Amino acid sequence: MANSTKYQRLIADYDKHCLRIARATTVNIHETERQKRDRIAELEKDYVKWFEYYFPNFAKKKCAWFHIKLAAILIASKRIRLLAEMFRSAGKSVHVAMGIPLFLYLVKSELKFMLLIGKNQSKANTLISGIQGQLQFNKRLINDYGEKFNHGSWADGDFTTSDGVKFMALGFGSDPRGVREDAERPDYIVCDDVDGKKHLNNDRIMEDSVDYITEDIWGCFDADDDATERFVYTNNNFNKKSITNRLKTYYKDQIQKKVDKRQSDRKHNIKTKIRAKETLFEILSVNAVKDLSTFEPSWPEKTTADYWRDKFENMPYRSFMREYMNTHIEDGAIFKFDDILYCEPYKLKEYDALCFYGDLSYKAQGDYKALVLVGKKGRQFHILICYVRQKSRGDVARWLYDTYEDNKLQNVNIRYLIEGLFAMDDFVNDFDLEGDSRGYHIPVVADKRAKGDKFDRIESLSGHFERHNVFFSSTMRNSDMQTLIDQLLAFEKGSQAHDDGPDAVHGAFNYVNMRTHKKANNYRSMPRANRHY
């Protein structure tokens with residue numbers, strides 16, 4: 001009963017979609033035959049113009065540069081293995097699963113059989129329905145290219161046009177062997193958003209999924225010198241163990257082999273043979289924004305920097321990086337989620353030692369600035385207050401002075417340190433200028449000790465967390481604290497995730513440890529004559 005209801009809902013949605021297509025694709029009934037031919041010829045010179053004219057429902061925003069590049073790669077290459085690593089909501093499905101195949105079919109006459117692989121059969125059918133709906137109800141396509149739909153139904157994942165072009169949909173993992181239409185085998189295959197988190201930790205299943213693509217799906221192409229083999233895989237790259245990332249690793253190996261071969265040929269004065277029918281491997285990577293400092297969007301025709309900044313600030317850091325920046329953020333690779341603990345903090349005067357430590361890197365445009373107040377009491381380290389943001393130096397200074405005043409820190413013995421490499425005159429000057437405007441100065445000084453490898457020093461903190469000697473203040477669970485926790489959980493060797501917050505934590509831990517060590521040891525001096533050796 002549930003399946004029947006779901007099916008009826010899909011049919012109803014499809015009918016509404018087709019009605020919208022018909023209403024949106026009005027034609028000029030007064031256009032002469034010559035005007036029509038000229039208009040079609042002009043549109044067919046440019047995929048973007050063609051797409052925006054025939055699919056106004058989907059072209060409410062201008063195409064992005066990566067849509068143009070995506071189409072150019074697929075249209076120009078008859079033998080291509082393209083991996084489109086794109087952020088969620090990038091509009092990739094509309095182009096690879098509808099616009100580009102219809103252009104290849106109606107304009108280039110280079111598509112005879114399209115096979116679309118979705119995450120499951122239902123999603124694959126829904127995607128293929130977009131093409132059937134256009135062929136049946138798009139007045140502009142019908143006016144210019146004639147009635148093309150013949151028989152079959154997207155609901156069954158299979159339909160054919162009046163001139164014998166076949167469109168088929170399959171769920172990921174379904175057996176595609178033997179797929180054909182008379183003598184025709186697939187010449188355009190799309191794998192659209194088939195990746196997921198369910199089996200990430202099962203290497204066998206994930207490797208089998210990659211094999212399914214490289215063996216079962218690629219094996220659907222005709223084994224012929226003149227065969228057209230267009231394959232495109234689209235997904236965001238959210239995890240290093242994902243199908244997307246495993247497939248990307250394979251692609252990079254294939255690309256590198258060809259680069260090495262060309263370099264070797266040049267080294268040995270061998271003329272590299274360029275094979276016209278060589279299969280090309282290509283990776284197109286697109287993130288939602290160009291960097292996390294300006295939030296300049298990759299698709300400015302659709303979204304603004306403010307839109308992405310707001311989205312970034314209102315979701316966990318690791319989630320944003322996975323879904324929109326193709327960056328792998330692993331929960332607890334070094335620091336475990338179960339070791340993130342909270343407590344009610346002591347009064348500041350009750351701590352054995354207190355340190356405000358800053359990692360204020362500003363070399364790279366996207367770096368964070370981090371200031372962390374850590375207190376030590378006995379064996380416990382309490383992370384009390386923190387600033388972890390991509391802001392200006394002036395903003396850091398204002399925040400520190402505001403925090404100093406709001407928490408009456410002038411009454412507490414706190415050491416204020418900034419990583420020495422970045423505590424240069426122009427940076428410290430921002431603190432001094434802020435102090436000038438307020439009539440007092442916070443004694444911020446540089447920590448110039450030799451620190452060694454950054455990864456090693458941050459990793460050394462993990463023991464304190466594992467022994468449950470580290471606590472975050474339960475009264476300061478704000479966005480800065482969450483960003484710091486996200487950076488700790490994301491910390492891993494080779495990760496591209498930010499680590500400015502964890503590095504500031506390490507600096508503060510080092511100082512309070514040193515301070516309590518000196519307090520605990522009451523060194524006594526005695527005359528040389530009284531010493532025993």
# chains A, B, ... in the order shown; residues from 1 in each chain; ligands from 1
$ select_by_dssp --residues "segment 307-452 of chain A" --states "alpha helix (DSSP H)" --output "ChimeraX atom specification"
/A:307-313,317-324,393-406,425-438
$ write_last_selection --atoms "C-alpha atoms" --output "PDB file, in the first residue's frame"
ATOM      1  CA  TYR A 307      24.475  33.426   1.463  1.00  0.00           C
ATOM      2  CA  TRP A 308      27.445  31.078   1.847  1.00  0.00           C
ATOM      3  CA  ARG A 309      28.812  32.936   4.873  1.00  0.00           C
ATOM      4  CA  ASP A 310      25.456  32.548   6.601  1.00  0.00           C
ATOM      5  CA  LYS A 311      25.293  28.849   5.712  1.00  0.00           C
ATOM      6  CA  PHE A 312      28.850  28.345   6.987  1.00  0.00           C
ATOM      7  CA  GLU A 313      28.095  30.060  10.292  1.00  0.00           C
ATOM      8  CA  TYR A 317      32.391  23.283  10.205  1.00  0.00           C
ATOM      9  CA  ARG A 318      33.026  19.647   9.270  1.00  0.00           C
ATOM     10  CA  SER A 319      29.578  19.366   7.634  1.00  0.00           C
ATOM     11  CA  PHE A 320      30.135  22.461   5.492  1.00  0.00           C
ATOM     12  CA  MET A 321      33.558  21.234   4.387  1.00  0.00           C
ATOM     13  CA  ARG A 322      32.211  17.796   3.420  1.00  0.00           C
ATOM     14  CA  GLU A 323      29.100  18.902   1.589  1.00  0.00           C
ATOM     15  CA  TYR A 324      30.271  22.102  -0.078  1.00  0.00           C
ATOM     16  CA  ARG A 393      43.557  41.557  13.220  1.00  0.00           C
ATOM     17  CA  GLY A 394      41.589  44.519  14.510  1.00  0.00           C
ATOM     18  CA  ASP A 395      38.615  42.280  15.270  1.00  0.00           C
ATOM     19  CA  VAL A 396      40.827  39.969  17.347  1.00  0.00           C
ATOM     20  CA  ALA A 397      42.122  42.929  19.377  1.00  0.00           C
ATOM     21  CA  ARG A 398      38.634  44.339  19.995  1.00  0.00           C
ATOM     22  CA  TRP A 399      37.355  40.909  21.063  1.00  0.00           C
ATOM     23  CA  LEU A 400      40.229  40.415  23.552  1.00  0.00           C
ATOM     24  CA  TYR A 401      39.689  43.829  25.154  1.00  0.00           C
ATOM     25  CA  ASP A 402      35.904  43.281  25.299  1.00  0.00           C
ATOM     26  CA  THR A 403      36.454  39.873  26.909  1.00  0.00           C
ATOM     27  CA  TYR A 404      38.970  41.398  29.340  1.00  0.00           C
ATOM     28  CA  GLU A 405      36.422  43.987  30.434  1.00  0.00           C
ATOM     29  CA  ASP A 406      33.327  41.718  30.455  1.00  0.00           C
ATOM     30  CA  ASP A 425      55.362  44.816  15.466  1.00  0.00           C
ATOM     31  CA  ASP A 426      52.544  45.455  12.975  1.00  0.00           C
ATOM     32  CA  PHE A 427      50.380  42.789  14.620  1.00  0.00           C
ATOM     33  CA  VAL A 428      51.089  43.694  18.272  1.00  0.00           C
ATOM     34  CA  ASN A 429      50.440  47.249  17.224  1.00  0.00           C
ATOM     35  CA  ASP A 430      46.771  46.368  16.652  1.00  0.00           C
ATOM     36  CA  PHE A 431      46.502  45.395  20.328  1.00  0.00           C
ATOM     37  CA  ASP A 432      48.358  48.541  21.366  1.00  0.00           C
ATOM     38  CA  LEU A 433      46.118  50.749  19.231  1.00  0.00           C
ATOM     39  CA  GLU A 434      43.028  49.181  20.772  1.00  0.00           C
ATOM     40  CA  GLY A 435      44.583  49.761  24.191  1.00  0.00           C
ATOM     41  CA  ASP A 436      45.307  53.397  23.290  1.00  0.00           C
ATOM     42  CA  SER A 437      41.632  53.950  22.503  1.00  0.00           C
ATOM     43  CA  ARG A 438      40.585  52.445  25.865  1.00  0.00           C
TER      44      ARG A 438
END
$ residues_around --residues "Phe509 of chain A" --least-positions-apart "2" --cutoff "9 Å" --atoms "only C-alpha atoms" --output "list in words"
Cys355, Tyr357, Val374, Gly375, Lys376, Phe381, Leu461, Ala504, Val505, His506, Gly507, Tyr511, Val512, Asn513 and Met514 of chain A
$ residues_around --residues "Ile29 of chain A" --least-positions-apart "6" --cutoff "12 Å" --atoms "only C-alpha atoms" --output "ChimeraX atom specification"
/A:35-36,139-140,143-144
$ write_last_selection --atoms "C-alpha atoms" --output "compact mmCIF listing (two decimals), in the first residue's frame"
# COMPACT_ATOMS: atom_id res chain seq x y z
CA GLN A 35 13.69 33.05 -39.10
CA LYS A 36 13.20 29.73 -37.37
CA LYS A 139 6.78 23.12 -26.93
CA ARG A 140 10.05 24.71 -28.02
CA ASN A 143 8.42 23.09 -32.50
CA ASP A 144 12.08 22.96 -33.57
$ residues_around --residues "segment 62-77 of chain A" --least-positions-apart "5" --cutoff "10 Å" --atoms "only C-alpha atoms" --output "MDAnalysis selection string"
chainID A and resid 46:49 51:52 82:84 86 90:92 94:96 99:101 103:104 108 110 188 228:232 277:280 282 284:286 298:302
$ write_last_selection --atoms "N, CA and C atoms" --output "CSV table (one decimal), in the first residue's frame"
chain,number,residue,atom,x,y,z
A,46,ASP,N,26.1,27.3,-29.6
A,46,ASP,CA,26.5,27.6,-28.2
A,46,ASP,C,25.6,26.8,-27.2
A,47,TYR,N,26.2,25.8,-26.5
A,47,TYR,CA,25.4,24.9,-25.7
A,47,TYR,C,24.6,25.8,-24.6
A,48,VAL,N,25.2,26.8,-24.0
A,48,VAL,CA,24.6,27.5,-23.0
A,48,VAL,C,23.4,28.3,-23.5
A,49,LYS,N,23.6,29.0,-24.6
A,49,LYS,CA,22.4,29.7,-25.2
A,49,LYS,C,21.3,28.7,-25.6
A,51,PHE,N,20.7,25.7,-24.1
A,51,PHE,CA,20.1,25.3,-22.9
A,51,PHE,C,19.2,26.3,-22.3
A,52,GLU,N,19.6,27.6,-22.3
A,52,GLU,CA,18.8,28.6,-21.7
A,52,GLU,C,17.5,28.9,-22.4
A,82,LEU,N,34.8,11.2,-17.3
A,82,LEU,CA,34.9,12.5,-16.6
A,82,LEU,C,34.3,12.3,-15.1
A,83,LEU,N,35.1,12.7,-14.2
A,83,LEU,CA,34.6,12.8,-12.8
A,83,LEU,C,34.4,14.2,-12.4
A,84,ALA,N,33.1,14.5,-12.2
A,84,ALA,CA,32.7,15.9,-11.8
A,84,ALA,C,32.5,15.9,-10.3
A,86,MET,N,31.7,18.0,-7.5
A,86,MET,CA,31.0,19.3,-7.4
A,86,MET,C,30.2,19.3,-6.1
A,90,ALA,N,25.0,22.3,-7.0
A,90,ALA,CA,25.7,22.9,-8.0
A,90,ALA,C,25.0,22.8,-9.4
A,91,GLY,N,23.9,22.2,-9.5
A,91,GLY,CA,23.1,22.1,-10.7
A,91,GLY,C,23.7,21.1,-11.7
A,92,LYS,N,24.5,20.2,-11.2
A,92,LYS,CA,25.2,19.2,-12.1
A,92,LYS,C,24.2,18.3,-12.7
A,94,VAL,N,21.1,18.6,-13.7
A,94,VAL,CA,20.3,19.2,-14.7
A,94,VAL,C,21.1,19.1,-16.1
A,95,HIS,N,22.4,19.3,-16.0
A,95,HIS,CA,23.2,19.3,-17.2
A,95,HIS,C,23.6,17.9,-17.7
A,96,VAL,N,24.2,17.1,-16.7
A,96,VAL,CA,24.7,15.8,-17.2
A,96,VAL,C,23.6,14.8,-17.4
A,99,GLY,N,20.3,18.3,-20.0
A,99,GLY,CA,20.7,19.2,-21.0
A,99,GLY,C,21.7,18.7,-22.0
A,100,ILE,N,22.9,18.2,-21.5
A,100,ILE,CA,24.0,17.7,-22.4
A,100,ILE,C,23.5,16.5,-23.2
A,101,PRO,N,22.9,15.5,-22.6
A,101,PRO,CA,22.5,14.4,-23.5
A,101,PRO,C,21.5,14.8,-24.6
A,103,PHE,N,21.3,17.7,-26.0
A,103,PHE,CA,22.1,18.5,-27.0
A,103,PHE,C,22.8,17.5,-27.9
A,104,LEU,N,23.5,16.4,-27.3
A,104,LEU,CA,24.2,15.4,-28.1
A,104,LEU,C,23.2,14.7,-29.0
A,108,LYS,N,23.8,17.3,-32.1
A,108,LYS,CA,25.0,16.7,-32.6
A,108,LYS,C,24.8,15.3,-33.3
A,110,GLU,N,24.8,12.5,-31.8
A,110,GLU,CA,25.8,11.6,-31.3
A,110,GLU,C,25.4,10.8,-30.1
A,188,TYR,N,26.4,6.9,-23.9
A,188,TYR,CA,26.4,8.0,-22.9
A,188,TYR,C,25.9,7.4,-21.6
A,228,THR,N,31.5,5.2,-29.5
A,228,THR,CA,31.5,6.4,-28.6
A,228,THR,C,31.3,6.0,-27.2
A,229,GLU,N,32.2,6.5,-26.3
A,229,GLU,CA,32.1,6.1,-24.9
A,229,GLU,C,32.2,7.3,-24.0
A,230,ARG,N,31.1,7.9,-23.8
A,230,ARG,CA,31.0,9.1,-22.9
A,230,ARG,C,30.5,8.6,-21.5
A,231,PHE,N,31.4,8.8,-20.5
A,231,PHE,CA,31.0,8.5,-19.1
A,231,PHE,C,31.2,9.6,-18.2
A,232,VAL,N,30.2,10.0,-17.4
A,232,VAL,CA,30.4,11.1,-16.4
A,232,VAL,C,29.8,10.6,-15.1
A,277,LYS,N,41.7,8.1,-31.0
A,277,LYS,CA,40.6,7.4,-30.3
A,277,LYS,C,40.9,7.0,-28.9
A,278,GLU,N,41.9,7.7,-28.3
A,278,GLU,CA,42.3,7.4,-26.9
A,278,GLU,C,41.3,7.8,-25.9
A,279,THR,N,41.1,7.0,-24.9
A,279,THR,CA,40.1,7.3,-23.8
A,279,THR,C,40.8,8.3,-22.9
A,280,LEU,N,40.1,9.4,-22.6
A,280,LEU,CA,40.6,10.5,-21.8
A,280,LEU,C,40.0,10.4,-20.4
A,282,GLU,N,39.5,12.7,-17.0
A,282,GLU,CA,39.5,14.1,-16.6
A,282,GLU,C,38.7,14.2,-15.3
A,284,LEU,N,37.0,17.3,-12.9
A,284,LEU,CA,36.6,18.6,-12.8
A,284,LEU,C,36.1,18.9,-11.3
A,285,SER,N,36.9,19.6,-10.5
A,285,SER,CA,36.6,19.9,-9.1
A,285,SER,C,36.0,21.3,-8.9
A,286,VAL,N,34.9,21.4,-8.3
A,286,VAL,CA,34.3,22.7,-8.0
A,286,VAL,C,33.8,22.8,-6.6
A,298,SER,N,31.5,30.2,-6.3
A,298,SER,CA,31.9,29.7,-7.6
A,298,SER,C,30.7,29.9,-8.6
A,299,TRP,N,29.5,30.1,-8.1
A,299,TRP,CA,28.4,30.3,-9.0
A,299,TRP,C,27.7,31.6,-8.6
A,300,PRO,N,28.4,32.8,-8.9
A,300,PRO,CA,27.9,34.1,-8.4
A,300,PRO,C,26.5,34.5,-9.0
A,301,GLU,N,26.2,33.8,-10.2
A,301,GLU,CA,24.9,34.1,-10.8
A,301,GLU,C,23.8,33.6,-10.0
A,302,LYS,N,24.1,32.7,-9.1
A,302,LYS,CA,23.0,32.1,-8.3
A,302,LYS,C,23.0,32.5,-6.8
$ residues_around --residues "segment 412-420 of chain A" --least-positions-apart "2" --cutoff "7 Å" --atoms "only C-alpha atoms" --output "PyMOL selection string"
chain A and resi 348-349+354-359+409-410+422-423+443-448
$ write_last_selection --atoms "N, CA and C atoms" --output "PDB file, in the first residue's frame"
ATOM      1  N   LEU A 348      37.853  31.991  38.251  1.00  0.00           N
ATOM      2  CA  LEU A 348      39.176  32.158  37.640  1.00  0.00           C
ATOM      3  C   LEU A 348      40.305  32.190  38.668  1.00  0.00           C
ATOM      4  N   LYS A 349      40.072  32.800  39.834  1.00  0.00           N
ATOM      5  CA  LYS A 349      41.118  32.927  40.845  1.00  0.00           C
ATOM      6  C   LYS A 349      41.482  31.587  41.485  1.00  0.00           C
ATOM      7  N   LEU A 354      46.732  30.207  34.543  1.00  0.00           N
ATOM      8  CA  LEU A 354      45.842  30.624  33.460  1.00  0.00           C
ATOM      9  C   LEU A 354      46.673  31.206  32.324  1.00  0.00           C
ATOM     10  N   CYS A 355      46.291  30.874  31.102  1.00  0.00           N
ATOM     11  CA  CYS A 355      47.008  31.423  29.939  1.00  0.00           C
ATOM     12  C   CYS A 355      46.042  31.687  28.800  1.00  0.00           C
ATOM     13  N   PHE A 356      46.126  32.876  28.258  1.00  0.00           N
ATOM     14  CA  PHE A 356      45.423  33.232  27.020  1.00  0.00           C
ATOM     15  C   PHE A 356      46.451  33.096  25.907  1.00  0.00           C
ATOM     16  N   TYR A 357      46.249  32.145  25.000  1.00  0.00           N
ATOM     17  CA  TYR A 357      47.256  31.901  23.955  1.00  0.00           C
ATOM     18  C   TYR A 357      46.632  32.115  22.579  1.00  0.00           C
ATOM     19  N   GLY A 358      47.389  32.774  21.694  1.00  0.00           N
ATOM     20  CA  GLY A 358      46.885  33.065  20.355  1.00  0.00           C
ATOM     21  C   GLY A 358      47.721  32.474  19.243  1.00  0.00           C
ATOM     22  N   ASP A 359      47.058  31.817  18.308  1.00  0.00           N
ATOM     23  CA  ASP A 359      47.674  31.441  17.030  1.00  0.00           C
ATOM     24  C   ASP A 359      47.000  32.335  16.002  1.00  0.00           C
ATOM     25  N   LEU A 409      39.012  40.639  33.864  1.00  0.00           N
ATOM     26  CA  LEU A 409      40.259  39.873  33.899  1.00  0.00           C
ATOM     27  C   LEU A 409      41.417  40.668  34.519  1.00  0.00           C
ATOM     28  N   GLN A 410      41.217  41.953  34.715  1.00  0.00           N
ATOM     29  CA  GLN A 410      42.282  42.739  35.337  1.00  0.00           C
ATOM     30  C   GLN A 410      42.530  42.299  36.777  1.00  0.00           C
ATOM     31  N   PHE A 422      54.234  35.205  14.567  1.00  0.00           N
ATOM     32  CA  PHE A 422      53.254  36.158  14.071  1.00  0.00           C
ATOM     33  C   PHE A 422      53.070  37.364  14.988  1.00  0.00           C
ATOM     34  N   ALA A 423      53.786  37.401  16.118  1.00  0.00           N
ATOM     35  CA  ALA A 423      53.656  38.535  17.034  1.00  0.00           C
ATOM     36  C   ALA A 423      54.630  39.638  16.636  1.00  0.00           C
ATOM     37  N   PRO A 443      49.001  43.170  28.466  1.00  0.00           N
ATOM     38  CA  PRO A 443      50.406  42.840  28.179  1.00  0.00           C
ATOM     39  C   PRO A 443      50.561  41.585  27.314  1.00  0.00           C
ATOM     40  N   VAL A 444      50.260  41.724  26.036  1.00  0.00           N
ATOM     41  CA  VAL A 444      50.413  40.619  25.090  1.00  0.00           C
ATOM     42  C   VAL A 444      51.876  40.546  24.654  1.00  0.00           C
ATOM     43  N   VAL A 445      52.486  39.368  24.800  1.00  0.00           N
ATOM     44  CA  VAL A 445      53.886  39.199  24.395  1.00  0.00           C
ATOM     45  C   VAL A 445      54.023  37.967  23.508  1.00  0.00           C
ATOM     46  N   ALA A 446      55.168  37.881  22.844  1.00  0.00           N
ATOM     47  CA  ALA A 446      55.407  36.774  21.925  1.00  0.00           C
ATOM     48  C   ALA A 446      55.973  35.563  22.647  1.00  0.00           C
ATOM     49  N   ASP A 447      55.491  34.388  22.253  1.00  0.00           N
ATOM     50  CA  ASP A 447      56.064  33.125  22.728  1.00  0.00           C
ATOM     51  C   ASP A 447      57.075  32.693  21.673  1.00  0.00           C
ATOM     52  N   LYS A 448      58.355  32.882  21.960  1.00  0.00           N
ATOM     53  CA  LYS A 448      59.387  32.658  20.954  1.00  0.00           C
ATOM     54  C   LYS A 448      60.135  31.346  21.116  1.00  0.00           C
TER      55      LYS A 448
END
$ closest_residue --among "A:Asn138, A:Asn120, A:Thr249, A:Gln256" --to "Asp192 of chain A" --atoms "only C-alpha atoms"
A:Asn120
$ closest_residue --among "A:Ile142, A:Arg88, A:Asp195, A:Lys78" --to "Val27 of chain A" --atoms "only C-alpha atoms"
A:Ile142
$ closest_residue --among "A:Leu111, A:Ala169, A:Ile117, A:Cys191" --to "Ser129 of chain A" --atoms "only C-alpha atoms"
A:Ala169
$ closest_residue --among "A:Val190, A:Leu484, A:Ile458, A:Met315" --to "Asn510 of chain A" --atoms "only C-alpha atoms"
A:Ile458
$ atom_distance --atom1 "atom CA of Ser473 of chain A" --atom2 "atom CA of Gly501 of chain A"
15.6 Å
$ residues_around --residues "Gly152 of chain A" --least-positions-apart "2" --cutoff "12 Å" --atoms "only C-alpha atoms" --output "PyMOL selection string"
chain A and resi 128-129+132+136+149-150+154-162+164-168
$ residues_around --residues "Val388 of chain A" --least-positions-apart "5" --cutoff "6 Å" --atoms "only C-alpha atoms" --output "PyMOL selection string"
chain A and resi 369-370+480
$ write_last_selection --atoms "N, CA and C atoms" --output "PDB file, in the first residue's frame"
ATOM      1  N   LYS A 369      42.016  32.914  12.977  1.00  0.00           N
ATOM      2  CA  LYS A 369      42.749  33.502  14.086  1.00  0.00           C
ATOM      3  C   LYS A 369      42.127  32.924  15.345  1.00  0.00           C
ATOM      4  N   ALA A 370      42.975  32.388  16.220  1.00  0.00           N
ATOM      5  CA  ALA A 370      42.471  31.711  17.413  1.00  0.00           C
ATOM      6  C   ALA A 370      43.108  32.272  18.671  1.00  0.00           C
ATOM      7  N   ASP A 480      32.137  29.808  18.573  1.00  0.00           N
ATOM      8  CA  ASP A 480      33.604  29.739  18.585  1.00  0.00           C
ATOM      9  C   ASP A 480      34.072  28.424  19.218  1.00  0.00           C
TER      10      ASP A 480
END
$ closest_atom_pairs --of "segment 244-361 of chain A" --to "segment 210-223 of chain A" --cutoff "10 Å" --atoms "only C-alpha atoms" --output "JSON lines"
{"residue": "A:Thr244", "atom": "CA", "partner": "A:Val210", "partner_atom": "CA", "distance": 8.6}
{"residue": "A:Asn245", "atom": "CA", "partner": "A:Val210", "partner_atom": "CA", "distance": 10.0}
{"residue": "A:Arg246", "atom": "CA", "partner": "A:Val210", "partner_atom": "CA", "distance": 7.2}
{"residue": "A:Leu247", "atom": "CA", "partner": "A:Val210", "partner_atom": "CA", "distance": 6.4}
{"residue": "A:Tyr250", "atom": "CA", "partner": "A:Val210", "partner_atom": "CA", "distance": 9.4}
